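Accompanying notes for the structure given below.
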Amino acid sequence: TAGLDVTWYGYGAPGSVATYTITEWRNDGTTVDFIIDGQEYRGVKLQLIAEAIIRQLAGALLIAQKLGVSREALLRVMPTLRPASGRMGLFAGVKDTTIIDDTANFSPVAGVAGLQTLKRLPSTRHIAILGNMHELGEFIEQGYGEVAAEFTGLDILVLVGQLSIDIFGTH
């Protein structure tokens, strides 16, 4: 790092200059306060619900500010941001429902994060549909166990795929 201009961001980073606080979980996104290199962005309504994506947005805002992008431009663009397809996207469903599409990569980490996020949304019922987690090898039982620990608080759980049924059972 000698000669480099190093900047840290994120929680726990020494001297972090880009932080965020999720102040509200909504069925259509979140409301977030950012502090980016001393610049405050309060009450930003995002269409994002994945905390990992919001953390990455804090880093992107830091870079944008360092490149001279105006605060006004950043405030205009943030509410329009959407996650990539299959990465914790929000969709309006029938009968006043909200659907989270996190189908791109079902892994223990993604499964736990997805279920935790689902339970944070202000809904009267929380329904999860989970598929198989292939490619875990000898860690298959441990991986499924990590996800199963998050089942508390769900109203309905739907399992798709023989592997998930074999691990979790049919009841």
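Naming scheme: A, B, ... for chains in displayed order of the structure tokens; residues 1 onward per chain; ligands 1 onward as shown.
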Would you please extract all helix (DSSP H, G or I) residues from region 13-118 of chain A, as assigned by DSSP on the backbone, and give them as JSON, numbers by chain?
{"A": [51, 52, 53, 54, 55, 56, 57, 58, 59, 60, 61, 62, 63, 64, 65, 66, 71, 72, 73, 74, 75, 76, 77, 78, 79, 80, 108, 109, 110, 111, 112, 113, 114, 115, 116, 117, 118]}
Report the closest atom pair, with its distance in Å rounded to one decimal, for each residue of region 73-120 of chain A that has an atom no farther than 10 Å from region 135-148 of chain A; count only C-alpha atoms, sort by chain and then rising residue number, and write it as CSV.
```
residue,atom,partner,partner_atom,distance
A:Ser107,CA,A:Gly143,CA,7.6
A:Pro108,CA,A:Gly143,CA,5.1
A:Val109,CA,A:Val147,CA,8.0
A:Ala110,CA,A:Val147,CA,8.9
A:Gly111,CA,A:Val147,CA,5.9
A:Val112,CA,A:Val147,CA,5.3
A:Ala113,CA,A:Val147,CA,9.0
A:Gly114,CA,A:Val147,CA,9.6
A:Leu115,CA,A:Val147,CA,8.1
A:Gln116,CA,A:Val147,CA,10.0
```
Write the residues of the preceding selection, restricted to C-alpha atoms, as a JSON list (two decimals), in the first residue's frame.
```
[["chain", "number", "residue", "atom", "x", "y", "z"],
["A", 107, "SER", "CA", -26.25, -21.16, -1.06],
["A", 108, "PRO", "CA", -26.22, -21.28, 2.74],
["A", 109, "VAL", "CA", -25.06, -17.66, 3.03],
["A", 110, "ALA", "CA", -27.58, -16.42, 0.46],
["A", 111, "GLY", "CA", -30.35, -18.55, 1.96],
["A", 112, "VAL", "CA", -29.80, -17.25, 5.49],
["A", 113, "ALA", "CA", -29.58, -13.62, 4.30],
["A", 114, "GLY", "CA", -32.70, -14.02, 2.17],
["A", 115, "LEU", "CA", -34.76, -15.52, 4.99],
["A", 116, "GLN", "CA", -33.57, -12.89, 7.48]]
```
Using CA of Ala84 (chain A) and CA of Phe34 (chain A) as the two end points, give the distance in Å to one decimal.
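Taking CA of Ala84 (chain A) and CA of Phe34 (chain A), their separation equals 21.6 Å.
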Within 8 Å of Leu159 (chain A), counting only C-alpha atoms, which residues qualify if same-chain residues fewer than 2 places away don't, as a PyMOL selection string?
chain A and resi 129-131+157+161+164-165
How about saving the chosen residues, N, CA, C and O atoms kept, as a PDB file, in the first residue's frame?
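After the write, part_19.pdb holds the following:
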```
ATOM      1  N   ILE A 129     -39.985 -20.081  -0.445  1.00  0.00           N
ATOM      2  CA  ILE A 129     -39.895 -21.198  -1.383  1.00  0.00           C
ATOM      3  C   ILE A 129     -38.415 -21.451  -1.607  1.00  0.00           C
ATOM      4  O   ILE A 129     -37.698 -20.571  -2.087  1.00  0.00           O
ATOM      5  N   LEU A 130     -37.948 -22.632  -1.207  1.00  0.00           N
ATOM      6  CA  LEU A 130     -36.520 -22.945  -1.272  1.00  0.00           C
ATOM      7  C   LEU A 130     -36.273 -24.135  -2.178  1.00  0.00           C
ATOM      8  O   LEU A 130     -36.995 -25.125  -2.130  1.00  0.00           O
ATOM      9  N   GLY A 131     -35.234 -24.038  -2.961  1.00  0.00           N
ATOM     10  CA  GLY A 131     -34.835 -25.132  -3.835  1.00  0.00           C
ATOM     11  C   GLY A 131     -33.603 -25.842  -3.318  1.00  0.00           C
ATOM     12  O   GLY A 131     -33.200 -25.690  -2.171  1.00  0.00           O
ATOM     13  N   LEU A 157     -43.469 -22.743   4.354  1.00  0.00           N
ATOM     14  CA  LEU A 157     -42.215 -23.119   3.716  1.00  0.00           C
ATOM     15  C   LEU A 157     -42.530 -24.112   2.614  1.00  0.00           C
ATOM     16  O   LEU A 157     -43.165 -25.134   2.858  1.00  0.00           O
ATOM     17  N   GLY A 161     -37.503 -29.498  -5.230  1.00  0.00           N
ATOM     18  CA  GLY A 161     -36.345 -30.309  -5.572  1.00  0.00           C
ATOM     19  C   GLY A 161     -36.140 -31.444  -4.591  1.00  0.00           C
ATOM     20  O   GLY A 161     -36.319 -31.286  -3.382  1.00  0.00           O
ATOM     21  N   SER A 164     -33.587 -30.931  -1.468  1.00  0.00           N
ATOM     22  CA  SER A 164     -34.097 -30.179  -0.330  1.00  0.00           C
ATOM     23  C   SER A 164     -35.135 -30.990   0.437  1.00  0.00           C
ATOM     24  O   SER A 164     -35.195 -30.926   1.663  1.00  0.00           O
ATOM     25  N   ILE A 165     -35.946 -31.751  -0.259  1.00  0.00           N
ATOM     26  CA  ILE A 165     -36.933 -32.595   0.411  1.00  0.00           C
ATOM     27  C   ILE A 165     -36.245 -33.681   1.210  1.00  0.00           C
ATOM     28  O   ILE A 165     -36.615 -33.974   2.347  1.00  0.00           O
TER      29      ILE A 165
END
```
Could you tell me which of A:Leu90, A:Val160, A:Ala64, A:Arg55 comes closest to Phe106 (chain A) if we count only C-alpha atoms?
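Among the listed residues, A:Val160 lies closest to Phe106 (chain A).
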Best match for closeness to Thr19 (chain A) among A:Ala73, A:Asp5, A:Leu62, A:Ala50, counting only C-alpha atoms
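Nearest candidate to Thr19 (chain A) out of A:Ala73, A:Asp5, A:Leu62, A:Ala50: A:Leu62.
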Within 12 Å of Val32 (chain A), counting only C-alpha atoms, which residues show up once you throw out same-chain ones fewer than 6 positions away? Write them as number ranges by chain, please.
A: 19-26, 40-51, 54-55, 57-58, 75, 78-79
Would you write out those residues with C-alpha atoms, as a PDB file, in the first residue's frame?
```pdb
ATOM      1  CA  THR A  19     -21.354   3.875   6.381  1.00  0.00           C
ATOM      2  CA  TYR A  20     -25.076   3.195   6.200  1.00  0.00           C
ATOM      3  CA  THR A  21     -27.969   2.583   8.569  1.00  0.00           C
ATOM      4  CA  ILE A  22     -31.176   0.953   7.398  1.00  0.00           C
ATOM      5  CA  THR A  23     -33.862   2.974   9.183  1.00  0.00           C
ATOM      6  CA  GLU A  24     -36.938   1.306   7.700  1.00  0.00           C
ATOM      7  CA  TRP A  25     -37.789  -1.992   6.033  1.00  0.00           C
ATOM      8  CA  ARG A  26     -40.685  -1.635   3.578  1.00  0.00           C
ATOM      9  CA  GLU A  40     -24.920  12.895   4.769  1.00  0.00           C
ATOM     10  CA  TYR A  41     -27.674  11.320   2.695  1.00  0.00           C
ATOM     11  CA  ARG A  42     -30.637  10.929   5.063  1.00  0.00           C
ATOM     12  CA  GLY A  43     -33.897   9.096   4.412  1.00  0.00           C
ATOM     13  CA  VAL A  44     -32.956   7.701   0.998  1.00  0.00           C
ATOM     14  CA  LYS A  45     -35.749   5.442  -0.248  1.00  0.00           C
ATOM     15  CA  LEU A  46     -34.253   2.508  -2.109  1.00  0.00           C
ATOM     16  CA  GLN A  47     -35.812  -0.306  -4.118  1.00  0.00           C
ATOM     17  CA  LEU A  48     -33.119  -2.510  -2.566  1.00  0.00           C
ATOM     18  CA  ILE A  49     -33.576  -4.839   0.418  1.00  0.00           C
ATOM     19  CA  ALA A  50     -30.385  -6.904   0.385  1.00  0.00           C
ATOM     20  CA  GLU A  51     -28.057  -5.525   3.023  1.00  0.00           C
ATOM     21  CA  ILE A  54     -26.716  -1.644   0.273  1.00  0.00           C
ATOM     22  CA  ARG A  55     -23.211  -2.054   1.758  1.00  0.00           C
ATOM     23  CA  LEU A  57     -23.793   0.916  -2.651  1.00  0.00           C
ATOM     24  CA  ALA A  58     -22.041   2.758   0.197  1.00  0.00           C
ATOM     25  CA  LEU A  75     -29.712  11.530  -4.735  1.00  0.00           C
ATOM     26  CA  MET A  78     -30.217   6.049  -5.811  1.00  0.00           C
ATOM     27  CA  PRO A  79     -34.021   5.557  -5.777  1.00  0.00           C
TER      28      PRO A  79
END
```
For the strand (DSSP E or B) assignment from backbone DSSP, which residues of region 2-162 of chain A qualify? Please present them as number ranges by chain.
A: 18-26, 29-36, 39-46, 89-92, 98-101, 127-130, 156-159
Would you put the residues from that selection into a file with C-alpha atoms, as an mmCIF file, in the first residue's frame?
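And here's part36.cif as it stands now:
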```
data_model
loop_
_atom_site.group_PDB
_atom_site.id
_atom_site.type_symbol
_atom_site.label_atom_id
_atom_site.label_comp_id
_atom_site.auth_asym_id
_atom_site.auth_seq_id
_atom_site.Cartn_x
_atom_site.Cartn_y
_atom_site.Cartn_z
ATOM 1 C CA ALA A 18 -18.682 5.267 4.083
ATOM 2 C CA THR A 19 -21.354 3.875 6.381
ATOM 3 C CA TYR A 20 -25.076 3.195 6.200
ATOM 4 C CA THR A 21 -27.969 2.583 8.569
ATOM 5 C CA ILE A 22 -31.176 0.953 7.398
ATOM 6 C CA THR A 23 -33.862 2.974 9.183
ATOM 7 C CA GLU A 24 -36.938 1.306 7.700
ATOM 8 C CA TRP A 25 -37.789 -1.992 6.033
ATOM 9 C CA ARG A 26 -40.685 -1.635 3.578
ATOM 10 C CA GLY A 29 -37.589 -1.483 -0.382
ATOM 11 C CA THR A 30 -35.741 0.204 2.452
ATOM 12 C CA THR A 31 -35.079 3.664 3.780
ATOM 13 C CA VAL A 32 -31.378 4.229 4.432
ATOM 14 C CA ASP A 33 -29.149 6.904 5.941
ATOM 15 C CA PHE A 34 -25.672 7.072 4.414
ATOM 16 C CA ILE A 35 -22.652 9.019 5.628
ATOM 17 C CA ILE A 36 -20.126 9.101 2.815
ATOM 18 C CA GLN A 39 -21.538 13.934 3.332
ATOM 19 C CA GLU A 40 -24.920 12.895 4.769
ATOM 20 C CA TYR A 41 -27.674 11.320 2.695
ATOM 21 C CA ARG A 42 -30.637 10.929 5.063
ATOM 22 C CA GLY A 43 -33.897 9.096 4.412
ATOM 23 C CA VAL A 44 -32.956 7.701 0.998
ATOM 24 C CA LYS A 45 -35.749 5.442 -0.248
ATOM 25 C CA LEU A 46 -34.253 2.508 -2.109
ATOM 26 C CA GLY A 89 -35.393 -8.275 -6.382
ATOM 27 C CA LEU A 90 -38.819 -7.089 -5.229
ATOM 28 C CA PHE A 91 -41.987 -7.638 -7.221
ATOM 29 C CA ALA A 92 -45.621 -6.850 -6.513
ATOM 30 C CA THR A 98 -44.646 -8.826 -2.218
ATOM 31 C CA ILE A 99 -42.320 -11.327 -3.865
ATOM 32 C CA ILE A 100 -38.558 -11.475 -3.306
ATOM 33 C CA ASP A 101 -36.696 -13.098 -6.191
ATOM 34 C CA ILE A 127 -43.729 -17.496 2.843
ATOM 35 C CA ALA A 128 -40.435 -18.966 1.637
ATOM 36 C CA ILE A 129 -39.895 -21.198 -1.383
ATOM 37 C CA LEU A 130 -36.520 -22.945 -1.272
ATOM 38 C CA ILE A 156 -45.256 -21.278 5.051
ATOM 39 C CA LEU A 157 -42.215 -23.119 3.716
ATOM 40 C CA VAL A 158 -42.293 -24.682 0.251
ATOM 41 C CA LEU A 159 -39.463 -27.024 -0.741
#
```
CA of Thr124 (chain A) and CA of Ile167 (chain A), how far apart in Å?
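Interatomic distance here is 28.2 Å.
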CA of Gly86 (chain A) to CA of Ala104 (chain A), straight-line distance in Å:
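Separation of CA of Ala104 (chain A) and CA of Gly86 (chain A): 4.5 Å.
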